[in-house]
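Colleague: Before anything else, here's the structure in question.
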Amino acid sequence: MSKRIAFLTASEGVEEVELTQPWQAAVDAGHVAELVSLDEGEVQLFHHLDKSSTQRVDRRVSDVAIGDYDALVLPGGVANPDALRADETAVAFVRDFVDSGKPVAAICHAAWTLVEADRVQGKRVASWPSLQTDIRNAGGEWVDEEVVVDGNLITSRNPDDIPAFNKALLDALAG
């Protein structure tokens with residue numbers, strides 16, 4: 001059965017492969033992917049620190065509801081989650097999505113948004129290593145593992161982990 005997946009990003013600073021590869025895996029598995037962002041228009045994707053392509057926004061986060069989606073994916077990039085965690089509407093959406101029990105998948109720096117949403121307390125979380133102090137200070141257990149599934153949270157460290165990340169996301173959608 002086809003599921004609807006929200007990919008939440010800021011308007012720029014999104015690590016391209018952390019959006020496009022999970023997106024393609026979801027679409028290839030028969031699911032519907034939607035890009036949800038802070039603003040209308042396009043999102044600027046990056047390859048590390050260099051601008052790459054853009055992707056059109058489907059809906060603004062202020063115009064969506066948890067019930068619209070079966071899962072949430074939070075791509076990384078350094079600037080992307082930093083901008084998201086400064087936006088109260090985005091943080092509330094993430095917080096409520098985690099609380100819904102539906103799958104929430106965050107890769108690399110995206111765990112910052114989970115920290116800001118106060119949803120890592122008591123959870124095992126993988127992320128880019130520089131976030132480990134933030135995760136621990138928020139009551140989470142930072143781990144250096146390819147993919148971690150703790151309840152409805154799916155987390156991974158970096159782009160090298162995308163195959164395992166995608167598998168865990170698709171497994172959660174099948175469950």
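Residues in the structure tokens are numbered from 1 in each chain, the chains being A, B, ... in the order shown, and ligands are numbered from 1 in the order shown.
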Each residue of segment 72-98 of chain A lying at most 10 Å from segment 49-54 of chain A should get a row with its shortest atom-to-atom pair and the distance in Å to one decimal, counting only C-alpha atoms; could you produce that, ordered by chain and increasing number, as a tab-separated table?

Modeller:
```
residue	atom	partner	partner_atom	distance
A:Gly77	CA	A:Leu49	CA	8.7
A:Val78	CA	A:Leu49	CA	8.9
A:Ala79	CA	A:Leu49	CA	9.6
```

Colleague: If you count only C-alpha atoms, which residues fall within 8 Å of segment 138-144 of chain A, apart from same-chain ones fewer than 2 positions away, as a PyMOL selection string?

Modeller: chain A and resi 115+118+120-127+129+132+134-136+146+157

Colleague: Mind checking which residues fall within 12 Å of Phe46 of chain A, counting only C-alpha atoms, ignoring those fewer than 6 positions away in the same chain, and posting them as a count of residues only?

Modeller: 20

Colleague: Report, in Å with one decimal, the straight-line distance from atom CA of Ala65 of chain A to atom CA of Val94 of chain A.

Modeller: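 If I compute the distance from atom CA of Ala65 of chain A to atom CA of Val94 of chain A, I get 10.7 Å.
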
Colleague: Would you please give, as a PyMOL selection string, all residues of segment 8-165 of chain A that DSSP assigns to alpha helix (DSSP H) based on the backbone?

Modeller: chain A and resi 16-28+79-84+88-100+111-116+132-137+162-165

Colleague: Write out the residues from the selection above, keeping C-alpha atoms, as a tab-separated table (two decimals), in the first residue's frame.

Modeller:
```tsv
chain	number	residue	atom	x	y	z
A	16	GLU	CA	21.45	16.82	-1.85
A	17	VAL	CA	22.00	13.06	-1.52
A	18	GLU	CA	20.31	13.02	1.89
A	19	LEU	CA	17.14	14.28	0.21
A	20	THR	CA	17.30	12.75	-3.26
A	21	GLN	CA	18.38	9.19	-2.44
A	22	PRO	CA	15.79	8.50	0.31
A	23	TRP	CA	13.21	10.27	-1.90
A	24	GLN	CA	14.02	7.99	-4.85
A	25	ALA	CA	13.98	4.88	-2.64
A	26	ALA	CA	10.52	5.83	-1.37
A	27	VAL	CA	9.18	6.55	-4.86
A	28	ASP	CA	10.72	3.35	-6.25
A	79	ALA	CA	22.55	24.92	7.41
A	80	ASN	CA	19.28	23.08	6.77
A	81	PRO	CA	18.55	21.70	10.27
A	82	ASP	CA	20.01	24.83	11.84
A	83	ALA	CA	17.38	26.91	10.01
A	84	LEU	CA	14.61	24.41	10.78
A	88	GLU	CA	8.70	27.36	15.66
A	89	THR	CA	6.24	25.91	13.14
A	90	ALA	CA	8.79	23.40	11.82
A	91	VAL	CA	9.86	22.40	15.33
A	92	ALA	CA	6.23	21.91	16.41
A	93	PHE	CA	5.57	19.79	13.30
A	94	VAL	CA	8.56	17.57	14.10
A	95	ARG	CA	7.60	17.32	17.78
A	96	ASP	CA	4.00	16.39	16.97
A	97	PHE	CA	5.10	13.94	14.28
A	98	VAL	CA	7.38	12.11	16.71
A	99	ASP	CA	4.56	12.06	19.26
A	100	SER	CA	2.18	10.59	16.65
A	111	ALA	CA	19.18	15.28	14.54
A	112	TRP	CA	19.56	18.94	15.57
A	113	THR	CA	15.88	19.39	14.74
A	114	LEU	CA	14.98	16.41	16.94
A	115	VAL	CA	17.03	17.97	19.75
A	116	GLU	CA	15.24	21.30	19.35
A	132	GLN	CA	26.97	14.09	20.10
A	133	THR	CA	27.26	16.70	22.88
A	134	ASP	CA	23.94	18.29	21.86
A	135	ILE	CA	22.24	14.89	21.86
A	136	ARG	CA	23.70	13.93	25.23
A	137	ASN	CA	22.77	17.33	26.73
A	162	ILE	CA	22.04	6.08	3.15
A	163	PRO	CA	21.52	2.47	1.98
A	164	ALA	CA	20.90	1.29	5.57
A	165	PHE	CA	18.87	4.44	6.30
```

Colleague: Using only C-alpha atoms for the distances, tell me which of A:Arg119, A:Asp87, A:Trp128, A:Ile5 is nearest to Gly67 of chain A.

Modeller: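 Closest candidate: A:Ile5.
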
Colleague: Env of segment 167-170 of chain A: 12 Å cut, atoms = only C-alpha atoms, seq-sep filter 3 positions within chain, self excluded. Answer as a short mmCIF file (atom, residue, chain, number, x, y, z; two decimals) with C-alpha atoms, in the first residue's frame.

Modeller:
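The resulting file, selection_36.cif, is reproduced below:
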```cif
data_model
loop_
_atom_site.label_atom_id
_atom_site.label_comp_id
_atom_site.auth_asym_id
_atom_site.auth_seq_id
_atom_site.Cartn_x
_atom_site.Cartn_y
_atom_site.Cartn_z
CA MET A 1 0.00 0.00 0.00
CA SER A 2 1.31 3.42 -0.98
CA LYS A 3 2.24 5.76 1.87
CA ARG A 4 2.68 9.53 1.83
CA ILE A 5 6.03 10.80 3.10
CA GLN A 21 18.38 9.19 -2.44
CA PRO A 22 15.79 8.50 0.31
CA TRP A 23 13.21 10.27 -1.90
CA GLN A 24 14.02 7.99 -4.85
CA ALA A 25 13.98 4.88 -2.64
CA ALA A 26 10.52 5.83 -1.37
CA VAL A 27 9.18 6.55 -4.86
CA ASP A 28 10.72 3.35 -6.25
CA ALA A 29 8.91 1.43 -3.48
CA GLY A 30 5.60 2.93 -4.63
CA HIS A 31 5.24 5.68 -2.04
CA ASP A 70 2.49 8.43 7.08
CA ALA A 71 6.17 9.25 7.71
CA LEU A 72 8.57 12.17 8.02
CA VAL A 73 12.12 12.34 6.66
CA LEU A 74 14.58 14.98 7.86
CA LYS A 102 4.61 7.45 12.89
CA PRO A 103 8.14 6.87 11.51
CA VAL A 104 10.52 9.84 11.69
CA ALA A 105 13.85 9.38 9.90
CA ALA A 106 16.72 11.85 10.40
CA ILE A 107 20.17 11.65 8.87
CA GLU A 146 25.16 3.06 10.57
CA VAL A 147 21.47 3.16 11.42
CA VAL A 148 19.59 3.17 14.71
CA VAL A 149 15.91 2.42 15.13
CA ASP A 150 14.57 3.41 18.54
CA GLY A 151 10.81 3.33 18.68
CA ASN A 152 9.59 5.36 15.72
CA LEU A 153 12.90 7.24 15.33
CA ILE A 154 15.29 6.17 12.58
CA THR A 155 18.69 7.91 12.58
CA SER A 156 21.95 7.61 10.67
CA ASP A 161 24.80 5.28 5.66
CA ILE A 162 22.04 6.08 3.15
CA PRO A 163 21.52 2.47 1.98
CA ALA A 164 20.90 1.29 5.57
CA LEU A 173 6.65 1.94 6.13
CA ALA A 174 5.95 -1.74 5.48
CA GLY A 175 5.16 -2.39 9.15
#
```

Colleague: Mind giving me the straight-line distance from atom CA of Leu131 of chain A to atom CA of Ala110 of chain A in Å, one decimal?

Modeller: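 Distance reported for this atom pair: 9.5 Å.
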
Colleague: Do you have the atom CA of Asp39 of chain A-atom CA of Val64 of chain A distance handy?

Modeller: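 Going from atom CA of Asp39 of chain A over to atom CA of Val64 of chain A covers 12.4 Å.
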